[in-house]
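Trainee: Dropping a structure here in structure tokens format, bear with me for questions.
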Amino acid sequence: MNKDNKYLIAEKALTELLDLKRIPVGIKFLKTKEEYEAADGIEPISGLPYCSAVSKAGMGKSYKLDVNHNRCAAASTALGMLPVSEYRISGQMHVDFKVYRDIEVSRSVAHDMVYCKEDNFGVQIKPLDRYKNDAPDIVILILSPKWAMRLLQGYAYNFGQLKDIKMAGMCAICQECTSYPWVKEQPNISMLCAGTRCVAQWNENELGVGIPREFLGGIIEGIWKTIDPMENKESKERLIIRLKEAGLEVPIIDLKHNYYSKAYGIPKE
């Protein structure tokens with residue numbers, strides 16, 4: 001393993017610690033046309049929705065999208081490639097879609113949406129380990145609820161509770177996993193949305209987490225540090241096998257104990 005590439009190391013650690021079935025995906029905002037043209041990645045001729053590009057990047061492909069190649073206006077708006085329309089921000093659009101009870105509810109949801117504040121010409125989407133001399137702005141993980149729990153426990157180890165989580169089951173990958181973490185400078189969890197589950201074909205047991213890159217090291221460290229107290233014997237044994245097969249260092253792990261092994265029962269008076 002190339003130990004000089006910290007994002008390769010992070011990708012390997014996250015994959016094995018969280019038993020990921022999809023590669024962690026790095027997202028980089030491209031501010032100018034020149035930066036966009038210089039970025040590597042496939043520019044799909046017929047276009048591709050942003051969340052579909054994230055899905056495919058989780059399987060090893062690299063993309064770059066501008067407003068002409070991203071086939072989702074909601075994502076282009078969230079990512080700062082299109083201005084927020086009055087139709088969208090007024091709440092009328094989603095009233096017309098019949099996804100909220102009335103204009104008041106729809107307007108409240110619309111006002112709580114968080115879009116990139118700065119204009120972006122485009123966005124780069126590629127596997128985390130392909131960032132070498134550059135760096136992603138956001139890392140997106142797609143994982144099961146159990147492993148999302150372990151990720152949050154790793155976050156809490158170093159940073160405390162994850163607060164102000166935003167979820168509406170709407171604009172999941174573009175907003176809940178990208179623009180919201182970027183603007184608010186904190187990780188966010190998403191149950192995904194009907195649109196992305198259709199076009200990106202996520203498994204029904206998957207959810208998403210968006211992480212600003214500055215939290216990545218602390219989260220990984222926290223997951224390592226909480227193996228003993230948080231995981232059971234069988235999970236620890238499977239983890240040891242995964243770490244060995246991936247060529248990663250295996251820490252000393254206490255197979256017999258965790259924090260909850262003696263936490264349940266009838267309290268003594």
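Residues are named by chain letter and number: chains run A, B, ... in the order of the structure tokens, numbers start at 1 in each chain, and ligands are numbered from 1 in the order shown.
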Env of A:Leu141: 6 Å cut, atoms = only C-alpha atoms, seq-sep filter 6 positions within chain, self excluded. Answer as a PyMOL selection string.

Mentor: chain A and resi 24+208-209

Trainee: Write out, as a CSV table (one decimal), in the first residue's frame, the residues just selected, with all heavy atoms.

Mentor:
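Here's the written file again_7.csv:
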```csv
chain,number,residue,atom,x,y,z
A,24,PRO,N,-15.8,4.5,-0.8
A,24,PRO,CA,-16.1,5.9,-0.4
A,24,PRO,C,-15.8,6.9,-1.6
A,24,PRO,O,-14.8,6.7,-2.4
A,24,PRO,CB,-15.1,6.1,0.7
A,24,PRO,CG,-14.8,4.8,1.2
A,24,PRO,CD,-14.8,3.9,0.0
A,208,GLY,N,-27.1,7.1,3.3
A,208,GLY,CA,-26.0,7.9,2.9
A,208,GLY,C,-25.5,8.8,4.1
A,208,GLY,O,-26.3,9.3,4.9
A,209,VAL,N,-24.2,9.1,4.1
A,209,VAL,CA,-23.6,10.0,5.0
A,209,VAL,C,-22.6,10.9,4.2
A,209,VAL,O,-21.8,10.4,3.5
A,209,VAL,CB,-22.8,9.3,6.1
A,209,VAL,CG1,-22.2,10.3,7.1
A,209,VAL,CG2,-23.7,8.4,6.9
```

Trainee: Where does DSSP see strand (DSSP E) in stretch 84-221 of chain A, if you list the residues as a list in words?

Mentor: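 Going through stretch 84-221 of chain A, the strand (DSSP E) residues come out as Gly122, Val123, Gln124, Ile125, Lys126, Pro127, Ile138, Val139, Ile140, Leu141, Ile142, Leu143, Asn188, Ile189, Ser190, Leu207, Gly208, Val209, Gly210, Ile211 and Pro212 of chain A.
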
Trainee: Would you mind listing what lies within 12 Å of A:Lys61 as a list of chain:residue names, with only C-alpha atoms counted and same-chain residues fewer than 4 positions away left out?

Mentor: A:Arg22, A:Ile23, A:Pro24, A:Val25, A:Gly26, A:Asp40, A:Gly41, A:Ile42, A:Glu43, A:Pro44, A:Ser52, A:Ala53, A:Val54, A:Ser55, A:Lys56, A:Ala57, A:Gln124, A:Ile125, A:Lys126, A:Pro127, A:Leu128, A:Asp129, A:Arg130

Trainee: Taking 2 positions as the minimum chain separation for residues in the same chain, which residues sit within 9 Å of stretch 27-32 of chain A when counting only C-alpha atoms? Answer as a ChimeraX atom specification.

Mentor: /A:25,34-37,39,54,66,79,118-128,135-140,178

Trainee: Work out how far apart atom CA of A:Ala13 and atom CA of A:Trp202 are and give it in Å to one decimal.

Mentor: 22.7 Å

Trainee: Of the residues A:Met113, A:Cys193, A:Leu143, A:Ala148, which is the one nearest to A:Ser179, using only C-alpha atoms?

Mentor: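 Closest residue, counting only C-alpha atoms: A:Met113.
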